[in-house]
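Source file data20.tsv; content: TSV, C-alpha atoms and all ligand atoms.
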chain	number	residue	atom	x	y	z
A	509	MET	CA	15.39	24.81	4.99
A	510	ASP	CA	17.54	21.77	4.09
A	511	ALA	CA	16.19	19.92	7.13
A	512	LEU	CA	12.63	20.60	5.91
A	513	ILE	CA	13.41	19.38	2.38
A	514	ALA	CA	15.08	16.24	3.79
A	515	ALA	CA	12.08	15.58	6.02
A	516	VAL	CA	9.59	16.14	3.17
A	517	THR	CA	11.56	13.93	0.78
A	518	ARG	CA	10.86	10.92	2.99
A	519	PRO	CA	7.04	10.80	2.59
A	520	VAL	CA	7.21	12.12	-1.00
A	521	THR	CA	9.41	9.22	-2.08
A	522	GLY	CA	8.46	6.57	0.47
A	523	GLU	CA	4.77	6.88	1.35
A	524	PRO	CA	2.72	4.82	-1.13
A	525	ALA	CA	-0.70	6.38	-0.40
A	526	LEU	CA	-0.98	9.80	-2.07
A	527	THR	CA	-3.35	11.41	0.46
A	528	THR	CA	-1.35	10.11	3.45
A	529	MET	CA	1.79	11.58	1.86
A	530	LEU	CA	0.04	14.94	1.30
A	531	ALA	CA	-1.19	15.06	4.92
A	532	GLU	CA	2.34	14.30	6.18
A	533	VAL	CA	3.84	17.05	4.00
A	534	ALA	CA	1.13	19.45	5.27
A	535	ARG	CA	2.17	18.63	8.85
A	536	LEU	CA	5.88	19.12	8.18
A	537	LEU	CA	5.29	22.44	6.42
A	538	THR	CA	2.95	23.69	9.18
A	539	ASP	CA	5.56	22.89	11.83
A	540	ALA	CA	8.48	24.34	9.85
A	541	LEU	CA	6.65	27.65	9.31
A	542	GLY	CA	5.21	27.76	12.85
A	543	ALA	CA	1.73	28.03	11.34
A	544	ASP	CA	-1.63	26.66	12.51
A	545	GLY	CA	-2.27	24.35	9.60
A	546	CYS	CA	-2.00	23.59	5.91
A	547	LEU	CA	-4.60	22.55	3.33
A	548	VAL	CA	-3.56	20.63	0.22
A	549	PHE	CA	-5.67	21.04	-2.90
A	550	LEU	CA	-5.29	18.90	-6.04
A	551	ALA	CA	-6.08	20.42	-9.44
A	552	GLU	CA	-8.71	18.58	-11.48
A	553	SER	CA	-8.49	18.36	-15.26
A	554	GLY	CA	-11.08	21.15	-15.57
A	555	GLY	CA	-8.92	23.49	-13.46
A	556	ASP	CA	-10.91	23.46	-10.18
A	557	LEU	CA	-9.03	22.73	-6.96
A	558	VAL	CA	-10.33	20.04	-4.61
A	559	LEU	CA	-9.24	19.64	-1.01
A	560	ALA	CA	-7.35	16.31	-0.82
A	561	ALA	CA	-5.56	16.44	2.57
A	562	SER	CA	-4.90	18.74	5.49
A	563	HIS	CA	-3.08	19.24	8.76
A	564	PRO	CA	-4.62	19.14	11.27
A	565	ARG	CA	-6.95	16.58	9.73
A	566	VAL	CA	-10.49	17.91	9.36
A	567	ALA	CA	-13.36	15.52	9.88
A	568	SER	CA	-15.11	15.68	6.52
A	569	THR	CA	-18.80	16.46	6.64
A	570	GLY	CA	-20.27	16.49	3.14
A	571	PRO	CA	-18.42	16.85	-0.16
A	572	PRO	CA	-14.78	18.04	-0.17
A	573	VAL	CA	-14.09	21.77	-0.41
A	574	ARG	CA	-13.86	22.86	-4.04
A	575	VAL	CA	-12.22	26.08	-5.22
A	576	PRO	CA	-13.29	27.15	-8.73
A	577	GLU	CA	-10.48	27.72	-11.24
A	578	GLY	CA	-8.63	30.99	-10.66
A	579	SER	CA	-10.71	32.08	-7.67
A	580	GLY	CA	-9.49	32.96	-4.16
A	581	LEU	CA	-5.88	32.88	-3.01
A	582	ALA	CA	-5.35	29.18	-3.80
A	583	GLY	CA	-6.98	29.51	-7.22
A	584	ARG	CA	-4.76	32.48	-8.11
A	585	ALA	CA	-1.59	30.64	-6.98
A	586	ALA	CA	-2.54	27.67	-9.21
A	587	ALA	CA	-3.49	29.80	-12.21
A	588	ASP	CA	-0.45	32.12	-12.10
A	589	GLY	CA	2.05	29.50	-10.92
A	590	VAL	CA	3.46	31.83	-8.25
A	591	PRO	CA	3.15	31.97	-4.44
A	592	VAL	CA	0.35	34.25	-3.20
A	593	SER	CA	0.02	35.45	0.40
A	594	CYS	CA	-2.37	37.65	2.37
A	595	GLU	CA	-2.33	38.70	6.02
A	596	ASP	CA	-6.08	38.93	6.43
A	597	ASP	CA	-7.75	36.58	4.00
A	598	SER	CA	-11.45	35.80	4.35
A	599	PRO	CA	-12.59	32.99	2.01
A	600	ARG	CA	-16.23	33.19	0.94
A	601	HIS	CA	-17.11	29.51	0.63
A	602	PRO	CA	-18.68	28.31	3.95
A	603	GLY	CA	-17.06	24.86	3.67
A	604	HIS	CA	-13.68	26.52	3.13
A	605	ARG	CA	-14.22	28.76	6.19
A	606	GLU	CA	-15.23	25.70	8.21
A	607	VAL	CA	-12.01	23.75	7.48
A	608	LEU	CA	-10.01	26.87	8.35
A	609	GLY	CA	-11.95	27.16	11.63
A	610	LEU	CA	-13.12	30.70	10.82
A	611	GLY	CA	-16.12	32.22	12.55
A	612	ALA	CA	-18.20	35.01	11.02
A	613	GLY	CA	-16.09	38.09	10.27
A	614	GLN	CA	-12.79	36.39	11.22
A	615	THR	CA	-9.78	36.54	8.93
A	616	VAL	CA	-6.67	34.39	8.60
A	617	SER	CA	-3.11	34.94	7.36
A	618	ARG	CA	-2.34	32.62	4.46
A	619	LEU	CA	0.42	31.57	2.11
A	620	CYS	CA	-0.60	29.56	-0.99
A	621	VAL	CA	2.14	27.92	-3.09
A	622	PRO	CA	1.53	26.12	-6.38
A	623	ALA	CA	2.97	22.67	-7.12
A	624	ARG	CA	4.25	23.47	-10.60
A	625	VAL	CA	4.61	20.86	-13.29
A	626	ALA	CA	7.15	20.66	-16.10
A	627	GLY	CA	5.79	22.33	-19.22
A	628	GLY	CA	3.61	24.81	-17.30
A	629	GLY	CA	0.54	24.69	-15.05
A	630	SER	CA	0.02	23.53	-11.49
A	631	CYS	CA	-1.20	20.16	-10.26
A	632	ALA	CA	-1.72	21.12	-6.61
A	633	VAL	CA	-1.63	24.00	-4.13
A	634	LEU	CA	-0.29	23.94	-0.58
A	635	ALA	CA	-2.16	26.55	1.49
A	636	VAL	CA	-0.55	27.32	4.89
A	637	HIS	CA	-2.59	29.35	7.38
A	638	SER	CA	-2.11	31.10	10.65
A	639	ARG	CA	-4.95	32.50	12.79
A	640	THR	CA	-2.54	34.94	14.44
A	641	ARG	CA	-2.02	37.74	11.96
A	642	ARG	CA	1.44	37.48	10.40
A	643	GLU	CA	3.45	38.01	7.29
A	644	PHE	CA	5.23	35.08	5.53
A	645	GLY	CA	8.82	36.13	4.81
A	646	GLY	CA	10.86	35.54	1.65
A	647	ALA	CA	12.77	32.55	3.07
A	648	GLU	CA	9.53	30.93	4.22
A	649	VAL	CA	7.94	31.44	0.82
A	650	ASP	CA	11.01	29.93	-0.89
A	651	ALA	CA	10.99	26.91	1.42
A	652	ALA	CA	7.26	26.35	0.86
A	653	GLN	CA	7.74	26.62	-2.90
A	654	ARG	CA	10.48	24.01	-2.92
A	655	VAL	CA	8.28	21.67	-0.89
A	656	ALA	CA	5.36	22.29	-3.27
A	657	ASP	CA	7.48	21.48	-6.33
A	658	LEU	CA	8.57	18.19	-4.76
A	659	VAL	CA	4.92	17.39	-4.13
A	660	GLY	CA	4.16	18.35	-7.76
A	661	LEU	CA	6.67	15.81	-9.01
A	662	ARG	CA	5.11	13.05	-6.94
A	663	VAL	CA	1.54	13.98	-8.02
A	664	CYS	CA	2.63	13.86	-11.68
A	665	VAL	CA	4.24	10.45	-11.21
A	666	ALA	CA	1.06	9.18	-9.52
A	667	ALA	CA	-1.04	10.47	-12.45
A	668	ALA	CA	1.30	8.84	-14.99
A	669	LEU	CA	1.09	5.54	-13.09
A	670	ALA	CA	-2.72	5.74	-13.05
A	671	THR	CA	-2.75	6.32	-16.82
A	672	MET	CA	-0.44	3.36	-17.29
A	673	ARG	CA	-2.73	1.17	-15.17
A	674	ASP	CA	-5.73	2.31	-17.27
A	675	HIS	CA	-3.85	1.32	-20.44
A	676	GLN	CA	-2.97	-2.02	-18.86
A	677	ASP	CA	-6.65	-2.58	-17.98
A	678	GLU	CA	-7.65	-1.71	-21.55
A	679	TRP	CA	-5.03	-4.08	-22.92
A	680	ASP	CA	-6.22	-6.86	-20.57
A	681	ALA	CA	-9.77	-6.31	-21.85
A	682	VAL	CA	-8.57	-6.55	-25.46
A	683	VAL	CA	-6.72	-9.80	-24.75
A	684	ALA	CA	-9.74	-11.21	-22.88
A	685	GLY	CA	-11.96	-10.20	-25.83
A	686	ALA	CA	-9.64	-11.90	-28.30
A	687	VAL	CA	-9.52	-15.11	-26.26
A	688	ALA	CA	-13.32	-15.10	-25.83
A	689	ALA	CA	-13.80	-14.58	-29.59
A	690	GLN	CA	-11.46	-17.49	-30.28
A	691	GLU	CA	-13.33	-19.74	-27.84
A	692	ALA	CA	-16.70	-18.72	-29.32
A	693	GLU	CA	-15.39	-19.54	-32.79
A	694	ARG	CA	-14.33	-22.98	-31.59
A	695	ARG	CA	-17.73	-23.66	-30.03
A	696	ARG	CA	-19.30	-22.62	-33.28
A	697	VAL	CA	-17.11	-24.98	-35.33
A	698	ALA	CA	-17.96	-27.79	-32.89
A	699	ALA	CA	-21.68	-27.04	-33.30
A	700	ASP	CA	-21.39	-26.96	-37.12
A	701	LEU	CA	-19.56	-30.28	-37.15
A	702	HIS	CA	-22.01	-31.77	-34.69
A	703	ASP	CA	-25.13	-30.67	-36.55
A	704	GLY	CA	-23.93	-31.44	-40.07
A	705	LEU	CA	-21.19	-34.00	-40.15
A	706	THR	CA	-21.85	-36.30	-37.19
A	707	GLN	CA	-25.56	-36.57	-38.04
A	708	ALA	CA	-24.75	-37.57	-41.63
A	709	ILE	CA	-22.15	-40.15	-40.55
A	710	ALA	CA	-24.51	-41.63	-37.93
A	711	SER	CA	-27.24	-42.12	-40.56
A	712	LEU	CA	-24.70	-43.46	-43.03
A	713	THR	CA	-23.62	-46.13	-40.50
A	714	PHE	CA	-27.27	-47.04	-39.96
A	715	HIS	CA	-27.87	-47.59	-43.71
A	716	LEU	CA	-24.68	-49.63	-44.11
A	717	SER	CA	-25.69	-51.89	-41.16
A	718	ALA	CA	-29.13	-52.37	-42.74
A	719	ALA	CA	-27.45	-53.28	-46.06
A	720	ASP	CA	-25.20	-55.75	-44.23
A	721	VAL	CA	-28.22	-57.48	-42.64
A	722	ALA	CA	-30.12	-57.52	-45.98
A	723	LEU	CA	-27.03	-59.02	-47.68
A	724	GLY	CA	-27.24	-62.01	-45.30
A	725	ASP	CA	-30.93	-62.39	-46.22
A	726	GLY	CA	-30.04	-62.26	-49.94
A	727	ASP	CA	-32.39	-59.25	-50.48
A	728	VAL	CA	-30.33	-57.59	-53.24
A	729	GLY	CA	-32.95	-54.92	-54.05
A	730	TYR	CA	-33.01	-53.70	-50.41
A	731	VAL	CA	-29.19	-53.79	-50.24
A	732	ALA	CA	-29.01	-51.58	-53.35
A	733	GLU	CA	-31.51	-49.13	-51.79
A	734	GLN	CA	-29.49	-48.90	-48.55
A	735	VAL	CA	-26.18	-48.49	-50.40
A	736	ALA	CA	-27.70	-45.68	-52.51
A	737	ALA	CA	-28.93	-43.94	-49.34
A	738	ALA	CA	-25.48	-44.42	-47.77
A	739	ARG	CA	-23.80	-42.93	-50.85
A	740	SER	CA	-25.96	-39.81	-50.83
A	741	LEU	CA	-25.22	-39.38	-47.11
A	742	ALA	CA	-21.50	-39.76	-47.85
A	743	ASP	CA	-21.87	-36.98	-50.46
A	744	LEU	CA	-23.68	-34.87	-47.89
A	745	ALA	CA	-20.93	-35.48	-45.32
A	746	LEU	CA	-18.32	-34.50	-47.90
A	747	GLY	CA	-20.24	-31.30	-48.65
A	748	GLU	CA	-20.57	-30.53	-44.93
A	749	THR	CA	-16.84	-31.10	-44.42
A	750	ARG	CA	-15.98	-28.82	-47.35
A	751	SER	CA	-18.22	-26.03	-46.11
A	752	ALA	CA	-16.91	-26.39	-42.54
A	753	ILE	CA	-13.36	-26.07	-43.91
A	754	THR	CA	-14.31	-23.11	-46.13
A	755	GLY	CA	-15.94	-21.48	-43.12
A	756	LEU	CA	-12.76	-21.96	-41.11
A	757	HIS	CA	-10.27	-20.91	-43.68
A	758	SER	CA	-10.44	-19.26	-47.08
A	759	PRO	CA	-7.43	-20.06	-49.28
A	760	VAL	CA	-8.62	-17.38	-51.74
A	761	LEU	CA	-8.51	-14.79	-48.96
A	762	ASP	CA	-4.93	-15.75	-48.14
A	763	ASP	CA	-3.72	-16.00	-51.75
A	764	GLN	CA	-5.62	-13.31	-53.62
A	765	GLY	CA	-6.87	-10.85	-51.02
A	766	LEU	CA	-10.07	-9.68	-49.40
A	767	ALA	CA	-12.07	-8.69	-52.50
A	768	ALA	CA	-11.38	-12.05	-54.19
A	769	GLY	CA	-12.18	-13.88	-50.93
A	770	LEU	CA	-15.51	-12.07	-50.67
A	771	ALA	CA	-16.32	-12.88	-54.31
A	772	ALA	CA	-15.54	-16.58	-53.78
A	773	MET	CA	-17.62	-16.64	-50.61
A	774	ALA	CA	-20.54	-14.93	-52.42
A	775	ARG	CA	-20.46	-17.49	-55.26
A	776	ALA	CA	-20.71	-20.36	-52.78
A	777	VAL	CA	-23.90	-19.07	-51.09
A	778	PRO	CA	-26.73	-21.47	-51.91
A	779	GLY	CA	-30.11	-20.10	-53.10
A	780	LEU	CA	-29.33	-16.37	-52.97
A	781	ARG	CA	-27.97	-13.88	-55.50
A	782	VAL	CA	-25.06	-12.12	-53.80
A	783	GLU	CA	-23.41	-9.27	-55.73
A	784	VAL	CA	-19.96	-8.05	-54.79
A	785	ASP	CA	-18.75	-4.53	-55.42
A	786	ALA	CA	-15.23	-4.57	-54.00
A	787	ALA	CA	-11.94	-3.00	-54.91
A	788	GLU	CA	-8.75	-4.92	-54.13
A	789	PHE	CA	-6.32	-3.01	-51.91
A	790	PRO	CA	-3.81	-4.16	-49.31
A	791	VAL	CA	-5.08	-4.49	-45.74
A	792	PRO	CA	-3.26	-5.98	-42.73
A	793	HIS	CA	-3.93	-9.72	-42.47
A	794	HIS	CA	-5.88	-9.52	-39.19
A	795	VAL	CA	-8.09	-6.72	-40.58
A	796	GLY	CA	-8.80	-8.72	-43.76
A	797	THR	CA	-9.68	-11.84	-41.78
A	798	SER	CA	-11.99	-9.95	-39.42
A	799	LEU	CA	-13.81	-8.18	-42.26
A	800	PHE	CA	-14.16	-11.50	-44.10
A	801	ARG	CA	-15.70	-13.11	-40.99
A	802	ILE	CA	-18.10	-10.22	-40.53
A	803	ALA	CA	-19.20	-10.45	-44.19
A	804	GLN	CA	-19.55	-14.22	-43.84
A	805	GLU	CA	-21.75	-13.95	-40.73
A	806	SER	CA	-23.83	-11.16	-42.32
A	807	VAL	CA	-24.44	-13.23	-45.46
A	808	GLN	CA	-25.29	-16.29	-43.35
A	809	ASN	CA	-27.81	-14.17	-41.48
A	810	VAL	CA	-29.35	-13.04	-44.79
A	811	VAL	CA	-29.68	-16.68	-45.89
A	812	LYS	CA	-31.04	-17.85	-42.53
A	813	HIS	CA	-33.32	-15.00	-41.52
A	814	ALA	CA	-34.00	-12.41	-44.21
A	815	GLY	CA	-35.95	-14.27	-46.91
A	816	ALA	CA	-34.22	-11.84	-49.29
A	817	SER	CA	-34.04	-12.08	-53.08
A	818	ARG	CA	-30.72	-10.27	-53.31
A	819	ALA	CA	-27.77	-9.18	-51.20
A	820	VAL	CA	-24.88	-6.83	-52.00
A	821	ILE	CA	-21.42	-6.82	-50.40
A	822	ARG	CA	-19.49	-3.57	-50.80
A	823	LEU	CA	-15.86	-2.96	-49.88
A	824	ALA	CA	-14.11	0.37	-50.34
A	825	LYS	CA	-11.27	2.43	-48.90
A	826	HIS	CA	-11.55	6.12	-48.07
A	827	GLY	CA	-8.28	7.58	-46.86
A	828	HIS	CA	-7.23	5.49	-43.85
A	829	MET	CA	-10.68	3.96	-43.39
A	830	VAL	CA	-11.89	0.68	-44.86
A	831	MET	CA	-15.64	0.31	-45.24
A	832	LEU	CA	-17.50	-2.94	-45.63
A	833	SER	CA	-21.25	-3.26	-45.96
A	834	VAL	CA	-23.68	-6.09	-46.54
A	835	THR	CA	-27.15	-5.06	-47.65
A	836	ASP	CA	-30.20	-7.22	-48.27
A	837	ASP	CA	-33.75	-6.59	-49.42
A	838	GLY	CA	-35.29	-9.04	-46.95
A	839	CYS	CA	-37.68	-8.81	-44.01
A	840	GLY	CA	-35.45	-6.68	-41.72
A	841	PHE	CA	-35.58	-6.94	-37.94
A	842	ASP	CA	-35.49	-4.95	-34.73
A	843	ALA	CA	-31.69	-4.52	-34.50
A	844	PRO	CA	-31.42	-2.94	-30.99
A	845	GLY	CA	-33.51	-5.80	-29.58
A	846	GLN	CA	-30.98	-8.37	-30.87
A	847	ALA	CA	-27.76	-6.66	-29.84
A	848	SER	CA	-26.65	-9.40	-27.43
A	849	THR	CA	-27.17	-12.48	-29.61
A	850	TYR	CA	-24.07	-14.45	-30.53
A	851	GLY	CA	-23.63	-13.63	-34.23
A	852	LEU	CA	-24.18	-9.88	-33.93
A	853	ARG	CA	-22.21	-9.68	-30.69
A	854	GLY	CA	-19.29	-11.51	-32.31
A	855	MET	CA	-19.30	-8.91	-35.10
A	856	ALA	CA	-19.36	-6.07	-32.57
A	857	GLU	CA	-16.43	-7.63	-30.66
A	858	ARG	CA	-14.35	-7.99	-33.81
A	859	VAL	CA	-15.00	-4.37	-34.78
A	860	HIS	CA	-14.18	-3.18	-31.26
A	861	LEU	CA	-10.83	-5.01	-31.33
A	862	LEU	CA	-9.97	-3.21	-34.56
A	863	GLY	CA	-10.97	0.18	-33.10
A	864	GLY	CA	-13.73	0.55	-35.69
A	865	ARG	CA	-17.46	1.24	-35.81
A	866	LEU	CA	-20.36	-1.13	-36.53
A	867	ARG	CA	-23.78	0.11	-37.63
A	868	ILE	CA	-26.74	-2.13	-38.24
A	869	GLY	CA	-29.50	-0.37	-40.14
A	870	SER	CA	-32.64	-2.48	-40.08
A	871	GLN	CA	-36.32	-2.22	-39.40
A	872	PRO	CA	-38.95	-4.92	-39.71
A	873	GLY	CA	-40.10	-5.04	-43.34
A	874	GLU	CA	-37.31	-2.80	-44.67
A	875	GLY	CA	-34.25	-4.94	-45.36
A	876	THR	CA	-30.95	-4.76	-43.51
A	877	THR	CA	-27.57	-3.08	-43.90
A	878	VAL	CA	-24.60	-4.11	-41.80
A	879	GLU	CA	-21.90	-1.48	-42.13
A	880	VAL	CA	-18.38	-1.64	-40.70
A	881	THR	CA	-15.77	1.10	-40.76
A	882	VAL	CA	-12.26	0.32	-39.50
A	883	PRO	CA	-9.02	2.27	-39.54
A	884	THR	CA	-6.05	0.73	-41.35
A	885	VAL	CA	-2.41	1.73	-41.65
A	886	LEU	CA	-1.46	0.08	-44.95
B	1	LIG	N1	-30.17	-9.82	-42.38
B	1	LIG	C1	-31.11	-10.12	-41.46
B	1	LIG	N2	-32.42	-10.10	-41.79
B	1	LIG	C2	-33.36	-10.39	-40.86
B	1	LIG	N3	-33.11	-10.71	-39.60
B	1	LIG	C3	-31.84	-10.75	-39.19
B	1	LIG	C4	-30.77	-10.46	-40.10
B	1	LIG	N4	-29.61	-10.54	-39.41
B	1	LIG	C5	-29.94	-10.88	-38.16
B	1	LIG	N5	-31.28	-11.01	-38.00
B	1	LIG	C6	-32.02	-11.30	-36.77
B	1	LIG	O1	-31.16	-11.08	-35.69
B	1	LIG	C7	-31.04	-12.25	-34.91
B	1	LIG	C8	-29.67	-12.34	-34.32
B	1	LIG	O2	-28.70	-12.64	-35.32
B	1	LIG	P1	-27.39	-13.42	-34.87
B	1	LIG	O3	-26.52	-13.56	-36.03
B	1	LIG	O4	-26.84	-12.72	-33.68
B	1	LIG	O5	-27.95	-14.81	-34.35
B	1	LIG	P2	-28.41	-16.05	-35.19
B	1	LIG	O6	-28.06	-15.87	-36.64
B	1	LIG	O7	-29.86	-16.29	-34.88
B	1	LIG	O8	-27.57	-17.21	-34.57
B	1	LIG	P3	-26.02	-17.53	-34.88
B	1	LIG	O9	-25.45	-16.37	-35.61
B	1	LIG	O10	-25.41	-17.71	-33.55
B	1	LIG	O11	-26.02	-18.76	-35.71
B	1	LIG	C9	-31.42	-13.38	-35.83
B	1	LIG	O12	-31.92	-14.49	-35.12
B	1	LIG	C10	-32.49	-12.74	-36.68
B	1	LIG	O13	-33.74	-12.73	-36.03
B	2	MG	MG	-26.15	-15.28	-37.23
When written as structure tokens, how does the structure in this file appear?
Amino acid sequence: MDALIAAVTRPVTGEPALTTMLAEVARLLTDALGADGCLVFLAESGGDLVLAASHPRVASTGPPVRVPEGSGLAGRAAADGVPVSCEDDSPRHPGHREVLGLGAGQTVSRLCVPARVAGGGSCAVLAVHSRTRREFGGAEVDAAQRVADLVGLRVCVAAALATMRDHQDEWDAVVAGAVAAQEAERRRVAADLHDGLTQAIASLTFHLSAADVALGDGDVGYVAEQVAAARSLADLALGETRSAITGLHSPVLDDQGLAAGLAAMARAVPGLRVEVDAAEFPVPHHVGTSLFRIAQESVQNVVKHAGASRAVIRLAKHGHMVMLSVTDDGCGFDAPGQASTYGLRGMAERVHLLGGRLRIGSQPGEGTTVEVTVPTVL
């Protein structure tokens, strides 16, 4: 038995591919027990067993053999966590009979051992078979069980590694999302500066050059006109710079919190009455910033698209959930049809990063509500 365990330990610890390892173990166990073959089933999360490897290898025609939870010899071994044997077994499933090489009416002697996992349950079953009728003795059953438990350990490690890889993939997606959001924000700032500030400065330069030329001609009235135009453009540029800076960073948000930041942002919205109904409570900095950005984009959308007379920003905390909503009484729109545009997508990405939920309630002619719910630990 020790020779068998030593032989099995090699593929269990050294063979990287799970199914190759299982097939090798099936071969070793078949030879050690002088049997005709061995099927290896893996347990799925629902409890069914699925054929994953075998010795001798069976050419697979169609879907792999599946044994419903608790049924047949293998199913019973997995469910009860104990070896089960039978001298004249006759599986019902045609695919199962085919891989065992059984003709109509033929039976086979079988020993099924569960690969038990720590904490209960089985993750696999090794099913040894012999077409010559025989009984599997106590020592053989013990040896097979030890092999199965080794296999169980390896299957559990493989599952844990797969879960870890999934988490890593999720984490990579989160990082990629964060970097993409940052880049999008930068492009947006560049566009704001380009549209507002650089246009104003270009015109300002034009008026100052015209004033310079007129000064040479001694046309004082025209010079005064150009200087006045230049001054109003300078005011405009100053206003554009201020709003670009406010858009980038809210000192009120940093100093006084989210509710105060929202109130300050609402007061600065030109040409629209924005009411704020917000309680002040502590939220993690990144949550506060994200919610502020979402409110800012929602309010900008109301100004740009809704033609609304009024908007309301609400902020509240229920248990561990923070809820933010921005409602307007404007024209509404077909929200599902716009899901991939930049502003709305940016909101969805922010909410996703926070593990929250975004709902946009809007229909043409019926106003719009953007509602965000995010979990918070503070
Ligand atoms: N409150 C709203 N009322 C009416 N229509 C809206 C409202 N919010 C969004 N929309 C519609 O949804 C579209 C997509 O909005 P989104 O914020 O994604 O893009 P945008 O505002 O057009 O551009 P950007 O945000 O990149 O400056 C808008 O163009 C508009 O048609
Ligand atoms: Mg927008």
**Asked** Can you list, as a PyMOL selection string, every protein, DNA or RNA residue that comes within 9 Å of Thr538 (chain A) when you count all atoms listed in the file, leaving out same-chain residues fewer than 6 positions away?
**Response** chain A and resi 544-546+563+636-637
**Prompt:** Which is closest to ligand LIG 1 (chain B) among A:Val760, A:Ala692, A:Ala736, A:Leu746, if we use all atoms listed in the file?
**Reply:**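 Nearest to ligand LIG 1 (chain B): A:Ala692.
With a cut-off of 7 Å and using all atoms listed in the file, the polymer residues contacting ligand LIG 1 (chain B) are A:Glu805, A:Ser806, A:Asn809, A:Val810, A:Lys812, A:His813, A:Ala814, A:Asp836, A:Gly838, A:Cys839, A:Gly840, A:Phe841, A:Ala843, A:Gln846, A:Thr849, A:Tyr850, A:Gly851, A:Leu852, A:Arg853, A:Gly875, A:Thr876.
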**Asked** Nearest to ligand MG 2 (chain B) among A:Val811, A:Ala511, A:Val649, A:Leu862, with distances taken over all atoms listed in the file: which residue is it?
**Response** A:Val811
**Item:** Option closest in space to ligand MG 2 (chain B), from A:Leu741, A:Leu861, A:Ala816, A:Met855 [counting all atoms listed in the file]
**Value:** A:Met855
**Prompt:** Given the choices A:Thr517, A:Ser617, A:Gln808, A:Ser717, which gets closest to ligand MG 2 (chain B) if the distance is worked out from all atoms listed in the file?
**Reply:**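 Residue with the minimum atom-to-atom distance to ligand MG 2 (chain B): A:Gln808.
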**Request:** Could you check which of A:Val633, A:Met773, A:Ile802, A:Ala787 is closest to ligand MG 2 (chain B), using all atoms listed in the file?
**Result:**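 Comparing A:Val633, A:Met773, A:Ile802, A:Ala787 against ligand MG 2 (chain B), the winner is A:Ile802.
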**Request:** Name all residues at most 9 Å from Leu541 (chain A) (count all atoms listed in the file; drop same-chain ones fewer than 2 positions away) and give them as a ChimeraX atom specification.
**Result:** /A:536-539,543-544,636,644,648,652
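The nearest approach to ligand MG 2 (chain B) among the residues A:Ala803, A:Leu780, A:Val859, A:Val882, with all atoms listed in the file taken into account, belongs to A:Ala803.
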Show which residues sit within 9 Å of Arg865 (chain A), as a CSV table (one decimal) with C-alpha atoms, in the frame of the given file. Count all atoms listed in the file, and ignore same-chain residues fewer than 4 positions away.
chain,number,residue,atom,x,y,z
A,856,ALA,CA,-19.4,-6.1,-32.6
A,859,VAL,CA,-15.0,-4.4,-34.8
A,860,HIS,CA,-14.2,-3.2,-31.3
A,879,GLU,CA,-21.9,-1.5,-42.1
A,880,VAL,CA,-18.4,-1.6,-40.7
A,881,THR,CA,-15.8,1.1,-40.8
A,882,VAL,CA,-12.3,0.3,-39.5
**Asked** What is the CA of Leu770 (chain A) to CA of Ala819 (chain A) distance in Å?
**Response**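 CA of Ala819 (chain A) lies at a distance of 12.6 Å from CA of Leu770 (chain A).
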**Request:** Would you list the contacts of Gly627 (chain A) as number ranges by chain, taking every protein, DNA or RNA residue within 12 Å and counting only C-alpha atoms, but skipping same-chain residues closer than 3 positions in sequence?
**Result:** A: 589, 624, 630-631, 664
Would you write out those residues with C-alpha atoms, as a CSV table (one decimal), in the frame of the given file?
chain,number,residue,atom,x,y,z
A,589,GLY,CA,2.0,29.5,-10.9
A,624,ARG,CA,4.2,23.5,-10.6
A,630,SER,CA,0.0,23.5,-11.5
A,631,CYS,CA,-1.2,20.2,-10.3
A,664,CYS,CA,2.6,13.9,-11.7
**Prompt:** Any idea what's packed within 12 Å of Val665 (chain A), counting all atoms listed in the file, ignoring anything in its chain fewer than 5 positions away? Could you give it as a list in words?
**Reply:**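 My reading of the contact set: Val520, Thr521, Pro524, Leu526, Val625, Ala626, Cys631, Leu658, Val659, Gly660, Ala670, Thr671 and Met672 of chain A.
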Can you tell me, as a compact mmCIF listing (two decimals) with C-alpha atoms, in the coordinates of the input, which residues sit within 10 Å of (-2.0, 39.2, 11.3) in the file's frame, using all atoms listed in the file?
# COMPACT_ATOMS: atom_id res chain seq x y z
CA CYS A 594 -2.37 37.65 2.37
CA GLU A 595 -2.33 38.70 6.02
CA ASP A 596 -6.08 38.93 6.43
CA ASP A 597 -7.75 36.58 4.00
CA THR A 615 -9.78 36.54 8.93
CA VAL A 616 -6.67 34.39 8.60
CA SER A 617 -3.11 34.94 7.36
CA ARG A 618 -2.34 32.62 4.46
CA SER A 638 -2.11 31.10 10.65
CA ARG A 639 -4.95 32.50 12.79
CA THR A 640 -2.54 34.94 14.44
CA ARG A 641 -2.02 37.74 11.96
CA ARG A 642 1.44 37.48 10.40
CA GLU A 643 3.45 38.01 7.29
**Pairwise distance for CA of Arg801 (chain A) and CA of Gln871 (chain A), rounded to one decimal in Å** = 23.4 Å
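For the point (-14.0, 20.4, -8.1), the residues with an atom at a distance of at most 9 Å are Ala551, Glu552, Gly554, Gly555, Asp556, Leu557, Val558, Leu559, Pro572, Val573, Arg574, Val575, Pro576 and Glu577 of chain A, counting only C-alpha atoms.
Reported to one decimal place, the separation of CA of Ala540 (chain A) from CA of Leu619 (chain A) is 13.3 Å.
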If you take every atom of region 770-774 of chain A that the file lists and fit an axis-aligned box around them with 4 Å extra on each side, what centre and edge lengths come out in Å to one decimal, as AutoDock Vina command-line options?
--center_x -18.0 --center_y -14.4 --center_z -52.5 --size_x 13.0 --size_y 12.6 --size_z 11.7
